[in-house]
Structures are given as structure tokens and as C-alpha cells.
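Content type PDB, C-alpha atoms, pLDDT in the B column, from the file start.pdb:
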ATOM      1  CA  MET Y   1     -70.813 147.378   5.921  1.00 58.00           C
ATOM      2  CA  ILE Y   2     -69.329 144.202   4.492  1.00 61.00           C
ATOM      3  CA  ARG Y   3     -71.581 142.631   1.863  1.00 64.00           C
ATOM      4  CA  ARG Y   4     -71.820 138.899   1.432  1.00 60.00           C
ATOM      5  CA  PRO Y   5     -71.639 137.513  -2.096  1.00 58.00           C
ATOM      6  CA  PRO Y   6     -74.868 136.230  -3.624  1.00 59.00           C
ATOM      7  CA  ARG Y   7     -75.752 132.634  -2.666  1.00 59.00           C
ATOM      8  CA  SER Y   8     -75.119 131.475  -6.206  1.00 56.00           C
ATOM      9  CA  THR Y   9     -71.420 132.385  -5.833  1.00 51.00           C
ATOM     10  CA  PRO Y  10     -69.463 129.643  -4.090  1.00 53.00           C
ATOM     11  CA  LEU Y  11     -67.569 130.881  -1.011  1.00 51.00           C
ATOM     12  CA  TYR Y  12     -64.343 129.460  -2.333  1.00 50.00           C
ATOM     13  CA  SER Y  13     -64.425 131.346  -5.644  1.00 55.00           C
ATOM     14  CA  SER Y  14     -61.642 133.810  -6.309  1.00 59.00           C
ATOM     15  CA  ALA Y  15     -64.144 136.592  -7.178  1.00 59.00           C
ATOM     16  CA  ALA Y  16     -65.829 136.304  -3.775  1.00 56.00           C
ATOM     17  CA  SER Y  17     -62.461 136.119  -2.073  1.00 62.00           C
ATOM     18  CA  ASP Y  18     -61.318 139.323  -3.830  1.00 67.00           C
ATOM     19  CA  VAL Y  19     -64.487 141.145  -2.758  1.00 62.00           C
ATOM     20  CA  TYR Y  20     -63.972 140.098   0.860  1.00 59.00           C
ATOM     21  CA  LYS Y  21     -60.326 141.169   0.735  1.00 62.00           C
ATOM     22  CA  ARG Y  22     -61.202 144.594  -0.673  1.00 66.00           C
ATOM     23  CA  GLN Y  23     -63.944 145.129   1.899  1.00 62.00           C
ATOM     24  CA  ALA Y  24     -61.670 143.984   4.720  1.00 55.00           C
ATOM     25  CA  THR Y  25     -58.913 146.325   3.483  1.00 58.00           C
ATOM     26  CA  VAL Y  26     -61.309 149.300   3.405  1.00 56.00           C
ATOM     27  CA  ALA Y  27     -62.603 148.452   6.891  1.00 52.00           C
ATOM     28  CA  LEU Y  28     -59.041 148.142   8.218  1.00 47.00           C
ATOM     29  CA  ARG Y  29     -58.049 151.493   6.686  1.00 56.00           C
ATOM     30  CA  CYS Y  30     -61.077 153.125   8.322  1.00 50.00           C
ATOM     31  CA  LEU Y  31     -60.115 151.661  11.704  1.00 46.00           C
ATOM     32  CA  ILE Y  32     -56.531 152.887  11.314  1.00 50.00           C
ATOM     33  CA  ALA Y  33     -57.702 156.395  10.361  1.00 46.00           C
ATOM     34  CA  LEU Y  34     -60.068 156.465  13.338  1.00 44.00           C
ATOM     35  CA  SER Y  35     -57.301 155.284  15.664  1.00 44.00           C
ATOM     36  CA  LEU Y  36     -54.899 157.972  14.391  1.00 41.00           C
ATOM     37  CA  ALA Y  37     -57.567 160.642  14.790  1.00 41.00           C
ATOM     38  CA  MET Y  38     -58.302 159.546  18.356  1.00 40.00           C
ATOM     39  CA  ASN Y  39     -54.592 159.592  19.217  1.00 41.00           C
ATOM     40  CA  SER Y  40     -54.224 163.120  17.854  1.00 41.00           C
ATOM     41  CA  TRP Y  41     -57.134 164.241  20.049  1.00 38.00           C
ATOM     42  CA  ALA Y  42     -55.383 162.759  23.076  1.00 39.00           C
ATOM     43  CA  GLN Y  43     -52.289 164.879  22.510  1.00 50.00           C
ATOM     44  CA  ASP Y  44     -51.815 168.036  24.512  1.00 60.00           C
ATOM     45  CA  SER Y  45     -50.514 170.759  22.248  1.00 78.00           C
ATOM     46  CA  MET Y  46     -49.512 174.316  23.084  1.00 86.00           C
ATOM     47  CA  ILE Y  47     -47.675 177.076  21.204  1.00 90.00           C
ATOM     48  CA  LEU Y  48     -44.592 178.877  22.509  1.00 89.00           C
ATOM     49  CA  VAL Y  49     -43.714 182.212  20.830  1.00 91.00           C
ATOM     50  CA  ARG Y  50     -40.736 184.496  21.196  1.00 90.00           C
ATOM     51  CA  HIS Y  51     -41.812 188.145  21.013  1.00 91.00           C
ATOM     52  CA  CYS Y  52     -41.219 189.817  17.680  1.00 92.00           C
ATOM     53  CA  GLU Y  53     -38.633 192.448  16.725  1.00 92.00           C
ATOM     54  CA  PHE Y  54     -38.804 195.657  18.760  1.00 93.00           C
ATOM     55  CA  ASP Y  55     -37.290 199.160  18.726  1.00 94.00           C
ATOM     56  CA  ASN Y  56     -35.205 201.048  21.312  1.00 93.00           C
ATOM     57  CA  PHE Y  57     -38.377 201.966  23.206  1.00 92.00           C
ATOM     58  CA  GLY Y  58     -39.559 198.361  23.571  1.00 89.00           C
ATOM     59  CA  ASN Y  59     -42.353 198.640  20.989  1.00 94.00           C
ATOM     60  CA  LEU Y  60     -42.723 196.320  18.018  1.00 94.00           C
ATOM     61  CA  THR Y  61     -41.239 197.561  14.771  1.00 94.00           C
ATOM     62  CA  MET Y  62     -43.269 197.412  11.550  1.00 95.00           C
ATOM     63  CA  SER Y  63     -41.521 194.162  10.633  1.00 93.00           C
ATOM     64  CA  GLY Y  64     -42.245 192.886  14.167  1.00 93.00           C
ATOM     65  CA  ILE Y  65     -45.939 193.637  13.709  1.00 94.00           C
ATOM     66  CA  ALA Y  66     -45.933 191.861  10.336  1.00 93.00           C
ATOM     67  CA  ALA Y  67     -44.134 188.861  11.870  1.00 92.00           C
ATOM     68  CA  ALA Y  68     -46.670 188.641  14.726  1.00 92.00           C
ATOM     69  CA  ARG Y  69     -49.500 188.666  12.194  1.00 92.00           C
ATOM     70  CA  GLU Y  70     -47.761 185.880  10.258  1.00 91.00           C
ATOM     71  CA  ILE Y  71     -47.603 183.837  13.470  1.00 90.00           C
ATOM     72  CA  GLY Y  72     -51.339 184.366  13.880  1.00 89.00           C
ATOM     73  CA  LYS Y  73     -51.917 183.206  10.296  1.00 90.00           C
ATOM     74  CA  ALA Y  74     -49.818 180.081  10.963  1.00 87.00           C
ATOM     75  CA  MET Y  75     -52.158 179.290  13.886  1.00 86.00           C
ATOM     76  CA  LYS Y  76     -55.396 179.748  11.921  1.00 83.00           C
ATOM     77  CA  GLY Y  77     -57.627 176.707  12.192  1.00 81.00           C
ATOM     78  CA  ARG Y  78     -56.261 175.678  15.589  1.00 81.00           C
ATOM     79  CA  LYS Y  79     -58.414 175.895  18.671  1.00 82.00           C
ATOM     80  CA  ILE Y  80     -56.767 178.637  20.709  1.00 83.00           C
ATOM     81  CA  ASN Y  81     -58.373 179.264  24.107  1.00 83.00           C
ATOM     82  CA  SER Y  82     -56.079 181.961  25.429  1.00 84.00           C
ATOM     83  CA  ILE Y  83     -52.788 183.747  24.970  1.00 88.00           C
ATOM     84  CA  VAL Y  84     -50.527 183.994  28.010  1.00 86.00           C
ATOM     85  CA  SER Y  85     -47.981 186.789  27.870  1.00 85.00           C
ATOM     86  CA  SER Y  86     -45.381 188.334  30.113  1.00 82.00           C
ATOM     87  CA  PRO Y  87     -46.265 191.906  31.162  1.00 81.00           C
ATOM     88  CA  VAL Y  88     -43.474 193.450  29.042  1.00 85.00           C
ATOM     89  CA  THR Y  89     -44.702 195.738  26.234  1.00 89.00           C
ATOM     90  CA  ARG Y  90     -43.114 193.820  23.337  1.00 91.00           C
ATOM     91  CA  THR Y  91     -44.684 190.518  24.441  1.00 89.00           C
ATOM     92  CA  GLN Y  92     -48.050 192.200  25.037  1.00 89.00           C
ATOM     93  CA  GLN Y  93     -47.952 193.781  21.568  1.00 93.00           C
ATOM     94  CA  THR Y  94     -46.951 190.469  19.964  1.00 92.00           C
ATOM     95  CA  ALA Y  95     -49.881 188.786  21.750  1.00 90.00           C
ATOM     96  CA  GLU Y  96     -52.298 191.535  20.628  1.00 91.00           C
ATOM     97  CA  GLU Y  97     -51.233 191.205  16.980  1.00 92.00           C
ATOM     98  CA  ILE Y  98     -51.601 187.409  17.095  1.00 91.00           C
ATOM     99  CA  ARG Y  99     -55.037 187.739  18.689  1.00 89.00           C
ATOM    100  CA  GLY Y 100     -56.086 190.270  16.052  1.00 89.00           C
ATOM    101  CA  VAL Y 101     -55.500 187.681  13.327  1.00 88.00           C
ATOM    102  CA  LEU Y 102     -57.012 184.753  15.230  1.00 83.00           C
ATOM    103  CA  GLU Y 103     -60.128 185.982  16.928  1.00 73.00           C
ATOM    104  CA  PRO Y 104     -60.773 189.047  19.071  1.00 63.00           C
ATOM    105  CA  LYS Y 105     -62.502 186.908  21.721  1.00 67.00           C
ATOM    106  CA  VAL Y 106     -59.264 185.101  22.627  1.00 71.00           C
ATOM    107  CA  ALA Y 107     -58.274 186.283  26.112  1.00 73.00           C
ATOM    108  CA  ILE Y 108     -54.788 187.611  26.833  1.00 76.00           C
ATOM    109  CA  LYS Y 109     -53.605 186.793  30.337  1.00 73.00           C
ATOM    110  CA  ASN Y 110     -50.636 187.917  32.412  1.00 70.00           C
ATOM    111  CA  GLU Y 111     -50.177 184.917  34.655  1.00 60.00           C
ATOM    112  CA  ILE Y 112     -46.582 185.542  35.716  1.00 60.00           C
ATOM    113  CA  LYS Y 113     -45.233 188.831  37.037  1.00 58.00           C
ATOM    114  CA  LEU Y 114     -41.625 188.789  38.172  1.00 53.00           C
ATOM    115  CA  SER Y 115     -38.896 191.210  39.114  1.00 53.00           C
ATOM    116  CA  SER Y 116     -35.832 190.022  37.186  1.00 57.00           C
ATOM    117  CA  VAL Y 117     -35.112 188.229  33.919  1.00 56.00           C
ATOM    118  CA  GLU Y 118     -33.473 185.357  35.842  1.00 61.00           C
ATOM    119  CA  ASP Y 119     -36.549 184.952  38.048  1.00 64.00           C
ATOM    120  CA  GLN Y 120     -38.756 185.213  35.008  1.00 64.00           C
ATOM    121  CA  ALA Y 121     -36.870 182.496  33.114  1.00 70.00           C
ATOM    122  CA  LYS Y 122     -36.744 180.155  36.119  1.00 74.00           C
ATOM    123  CA  ASN Y 123     -40.409 180.559  37.042  1.00 78.00           C
ATOM    124  CA  TRP Y 124     -41.645 180.504  33.441  1.00 77.00           C
ATOM    125  CA  VAL Y 125     -39.800 177.224  32.848  1.00 81.00           C
ATOM    126  CA  GLN Y 126     -41.539 175.688  35.871  1.00 82.00           C
ATOM    127  CA  TYR Y 127     -44.844 177.171  34.732  1.00 81.00           C
ATOM    128  CA  LEU Y 128     -44.436 175.905  31.133  1.00 83.00           C
ATOM    129  CA  ARG Y 129     -43.502 172.412  32.318  1.00 82.00           C
ATOM    130  CA  LEU Y 130     -46.592 172.330  34.538  1.00 81.00           C
ATOM    131  CA  GLN Y 131     -48.750 173.513  31.633  1.00 82.00           C
ATOM    132  CA  ALA Y 132     -47.236 170.983  29.188  1.00 81.00           C
ATOM    133  CA  TYR Y 133     -47.090 167.890  31.361  1.00 80.00           C
ATOM    134  CA  GLY Y 134     -50.181 168.688  33.406  1.00 76.00           C
ATOM    135  CA  GLY Y 135     -52.280 169.012  30.261  1.00 74.00           C
ATOM    136  CA  GLN Y 136     -53.312 172.543  31.183  1.00 76.00           C
ATOM    137  CA  GLY Y 137     -51.454 174.164  28.267  1.00 79.00           C
ATOM    138  CA  SER Y 138     -53.547 172.618  25.531  1.00 80.00           C
ATOM    139  CA  GLY Y 139     -55.036 175.343  23.349  1.00 84.00           C
ATOM    140  CA  LYS Y 140     -52.849 178.072  24.839  1.00 86.00           C
ATOM    141  CA  VAL Y 141     -50.266 180.331  23.227  1.00 88.00           C
ATOM    142  CA  PHE Y 142     -47.406 181.521  25.435  1.00 87.00           C
ATOM    143  CA  VAL Y 143     -45.624 184.718  24.338  1.00 89.00           C
ATOM    144  CA  THR Y 144     -42.359 185.285  26.157  1.00 86.00           C
ATOM    145  CA  HIS Y 145     -38.643 186.121  25.833  1.00 85.00           C
ATOM    146  CA  HIS Y 146     -35.503 184.493  24.448  1.00 85.00           C
ATOM    147  CA  GLU Y 147     -34.160 183.729  27.950  1.00 85.00           C
ATOM    148  CA  VAL Y 148     -37.325 181.863  28.911  1.00 85.00           C
ATOM    149  CA  ILE Y 149     -37.501 179.790  25.724  1.00 87.00           C
ATOM    150  CA  SER Y 150     -33.772 179.092  25.878  1.00 87.00           C
ATOM    151  CA  ALA Y 151     -33.989 177.920  29.512  1.00 86.00           C
ATOM    152  CA  PHE Y 152     -37.072 175.798  28.741  1.00 87.00           C
ATOM    153  CA  PHE Y 153     -35.436 174.207  25.685  1.00 89.00           C
ATOM    154  CA  GLU Y 154     -32.276 173.525  27.691  1.00 89.00           C
ATOM    155  CA  ALA Y 155     -34.290 171.871  30.492  1.00 87.00           C
ATOM    156  CA  GLU Y 156     -36.185 169.758  27.939  1.00 88.00           C
ATOM    157  CA  LYS Y 157     -33.100 169.049  25.770  1.00 88.00           C
ATOM    158  CA  ILE Y 158     -34.685 170.652  22.688  1.00 88.00           C
ATOM    159  CA  ASN Y 159     -32.318 171.985  20.043  1.00 87.00           C
ATOM    160  CA  LEU Y 160     -34.131 174.573  17.905  1.00 85.00           C
ATOM    161  CA  PRO Y 161     -33.046 178.109  16.931  1.00 84.00           C
ATOM    162  CA  ILE Y 162     -34.752 180.937  18.825  1.00 85.00           C
ATOM    163  CA  ASP Y 163     -35.115 184.004  16.590  1.00 86.00           C
ATOM    164  CA  PHE Y 164     -37.413 187.016  16.920  1.00 82.00           C
ATOM    165  CA  GLY Y 165     -40.937 185.938  16.102  1.00 84.00           C
ATOM    166  CA  ALA Y 166     -40.175 182.220  16.251  1.00 85.00           C
ATOM    167  CA  ALA Y 167     -43.125 180.007  17.180  1.00 87.00           C
ATOM    168  CA  TYR Y 168     -42.983 176.401  18.341  1.00 87.00           C
ATOM    169  CA  GLU Y 169     -45.651 173.793  18.771  1.00 85.00           C
ATOM    170  CA  LEU Y 170     -45.068 171.739  21.905  1.00 85.00           C
ATOM    171  CA  ILE Y 171     -46.802 168.368  21.965  1.00 83.00           C
ATOM    172  CA  VAL Y 172     -46.940 165.982  24.900  1.00 80.00           C
ATOM    173  CA  THR Y 173     -47.827 162.424  23.965  1.00 78.00           C
ATOM    174  CA  ASN Y 174     -47.669 159.645  26.534  1.00 72.00           C
ATOM    175  CA  GLY Y 175     -45.648 161.863  28.878  1.00 76.00           C
ATOM    176  CA  LYS Y 176     -43.014 162.753  26.258  1.00 79.00           C
ATOM    177  CA  LEU Y 177     -42.612 166.328  25.040  1.00 83.00           C
ATOM    178  CA  THR Y 178     -41.667 167.042  21.441  1.00 83.00           C
ATOM    179  CA  ALA Y 179     -41.270 170.428  19.777  1.00 85.00           C
ATOM    180  CA  ARG Y 180     -41.399 171.573  16.205  1.00 84.00           C
ATOM    181  CA  ALA Y 181     -40.988 174.959  14.656  1.00 85.00           C
ATOM    182  CA  LEU Y 182     -44.367 176.368  13.726  1.00 80.00           C
ATOM    183  CA  ARG Y 183     -42.748 179.461  12.241  1.00 62.00           C
ATOM    184  CA  GLN Y 184     -39.194 180.764  11.936  1.00 55.00           C
ATOM    185  CA  GLU Y 185     -38.099 184.244  10.887  1.00 53.00           C
ATOM    186  CA  LYS Y 186     -37.059 184.216   7.232  1.00 49.00           C
TER     187      LYS Y 186
END
Written as C-alpha cells, how would this file's structure read?
Amino acid sequence: MIRRPPRSTPLYSSAASDVYKRQATVALRCLIALSLAMNSWAQDSMILVRHCEFDNFGNLTMSGIAAAREIGKAMKGRKINSIVSSPVTRTQQTAEEIRGVLEPKVAIKNEIKLSSVEDQAKNWVQYLRLQAYGGQGSGKVFVTHHEVISAFFEAEKINLPIDFGAAYELIVTNGKLTARALRQEK
């Protein structure tokens, strides 16, 4: 609330003018902070994860398990509604480890089941674009394969490295998708 100077202080005094300026500056900063907060709420954000390191049998290695848990730790504090994973064991195990760190109530879904890697990449790219641009991906984590992330990044003209256990935050603001690395393998 902006306070008026006492009646005994002339409105044209420099002291009163300084008080008004300080109060106006504080009010303007509050409005800017509120505006930035409202814009961040309007963004649709989702996380894209490449499965972690696996062995010859398709199961996560010990370092893969540790990496998946680190991804979960990097997501702590975010509102995660669900984890969407391909049906392959290494992606399922990566999703389980992430969920174990986040919250056991987070649902793991298998929304795409395909026959070949090419089909998987093509259909996942379409699915991810729909999720990102349609606003349906907000609060979701997508655990998938190198081919899928590579095809999606190529379609979206994103140039980021795709290592085992890499995680990316995808943000759509005003119809424009941006990506940043949430976590990269060290």
C-alpha cells in the first residue's frame, strides 16, 4: 500500500518525492515478479529421458540404476503426474528407479507399443509433438530410446547430446518449443 506523506509535508518536497519513488519502485517490482510467475505457470513443461546404461541382457547396470536415481533427484520439487515409458525392460527399469526417488504414487504408463525401432521412433515423435504442443505433456516424464530422442530433436531442430541417462526439460511457450539439459551423464 502506498502511503501518502503527512499533510505538513509539501507535495513538492524532495523527501516526499523520494518516498513516492521508493514506493512506486517496490510496487513495480512486485508487479514484475507477479507477471513472471504467471508466465511460468502458463508454460507447458515435460521431461524427456533416455534410458540409462544397460547390460547384455537389457537390464540396467549398477551405474544405470544410480544414474536413474540421480535423474529422479534432479526432478525433485517438480509436479510430476505420470511417467510414460516404452515397454522395453531398460526403459521400464529406468522409469521405476525415477519413480522410486520421486514418489511411489506416480503412475507408469505404456502408451505406445510398436513392432520395430523405426516405427517406435516415428510414432513416438508424433506422440511427443502432440503432448508438447497440445499441452498434454505438462507434468509428464517420457522415458524412451536414443533413436526416439534423436528423431524428435532432429524434427524440432534441437542440438543437444544424447547420452545414457540424459534428461531434458522441454518447454513450450507461446507455441515455441525449447529444450535444456536437465541432466547429462558425467
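Picked out by the PyMOL selection byres ((chain Y and resi 135) around 12) when it runs on this file: Ala42, Gln43, Asp44, Ser45, Met46, Tyr127, Leu128, Arg129, Leu130, Gln131, Ala132, Tyr133, Gly134, Gln136, Gly137, Ser138, Gly139, Lys140, Leu170, Ile171, Val172, Thr173, Asn174, Gly175, Lys176 and Leu177 of chain Y.
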Spatial neighbours of Ser63 (chain Y), 10 Å, only C-alpha atoms, chain gap at least 2 places, as a count of residues only: 11
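We find CA of Lys73 (chain Y) and CA of Asn159 (chain Y) to be spaced 24.6 Å apart.
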Show me, as a list in words, the residues that have an atom within 7 Å of Ser85 (chain Y) when counting all atoms listed in the file, minus same-chain residues fewer than 4 positions from it.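 My list of contacting residues is Thr91, Gln92, Ala95, Ile108, Lys109, Asn110, Phe142, Val143 and Thr144 of chain Y.
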Go through Y:Ile158, Y:Ile71, Y:Ala107, Y:Ala179 one by one, measure the shortest atom-to-atom distance of each to Arg50 (chain Y) using all atoms listed in the file, and give the residue with the smallest value.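 Distance minimum relative to Arg50 (chain Y) lands on Y:Ile71.
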Which residues come within 8 Å of Val148 (chain Y), counting all atoms listed in the file, excluding same-chain residues fewer than 5 positions away, as a compact mmCIF listing (two decimals) with C-alpha atoms, in the frame of the given file?
# COMPACT_ATOMS: atom_id res chain seq x y z
CA GLN Y 120 -38.76 185.21 35.01
CA ALA Y 121 -36.87 182.50 33.11
CA LYS Y 122 -36.74 180.16 36.12
CA TRP Y 124 -41.64 180.50 33.44
CA VAL Y 125 -39.80 177.22 32.85
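Shortest separation to Lys76 (chain Y) among Y:Glu103, Y:Glu147, Y:Glu169, Y:Glu156 occurs at residue Y:Glu103, atoms counted being only C-alpha atoms.
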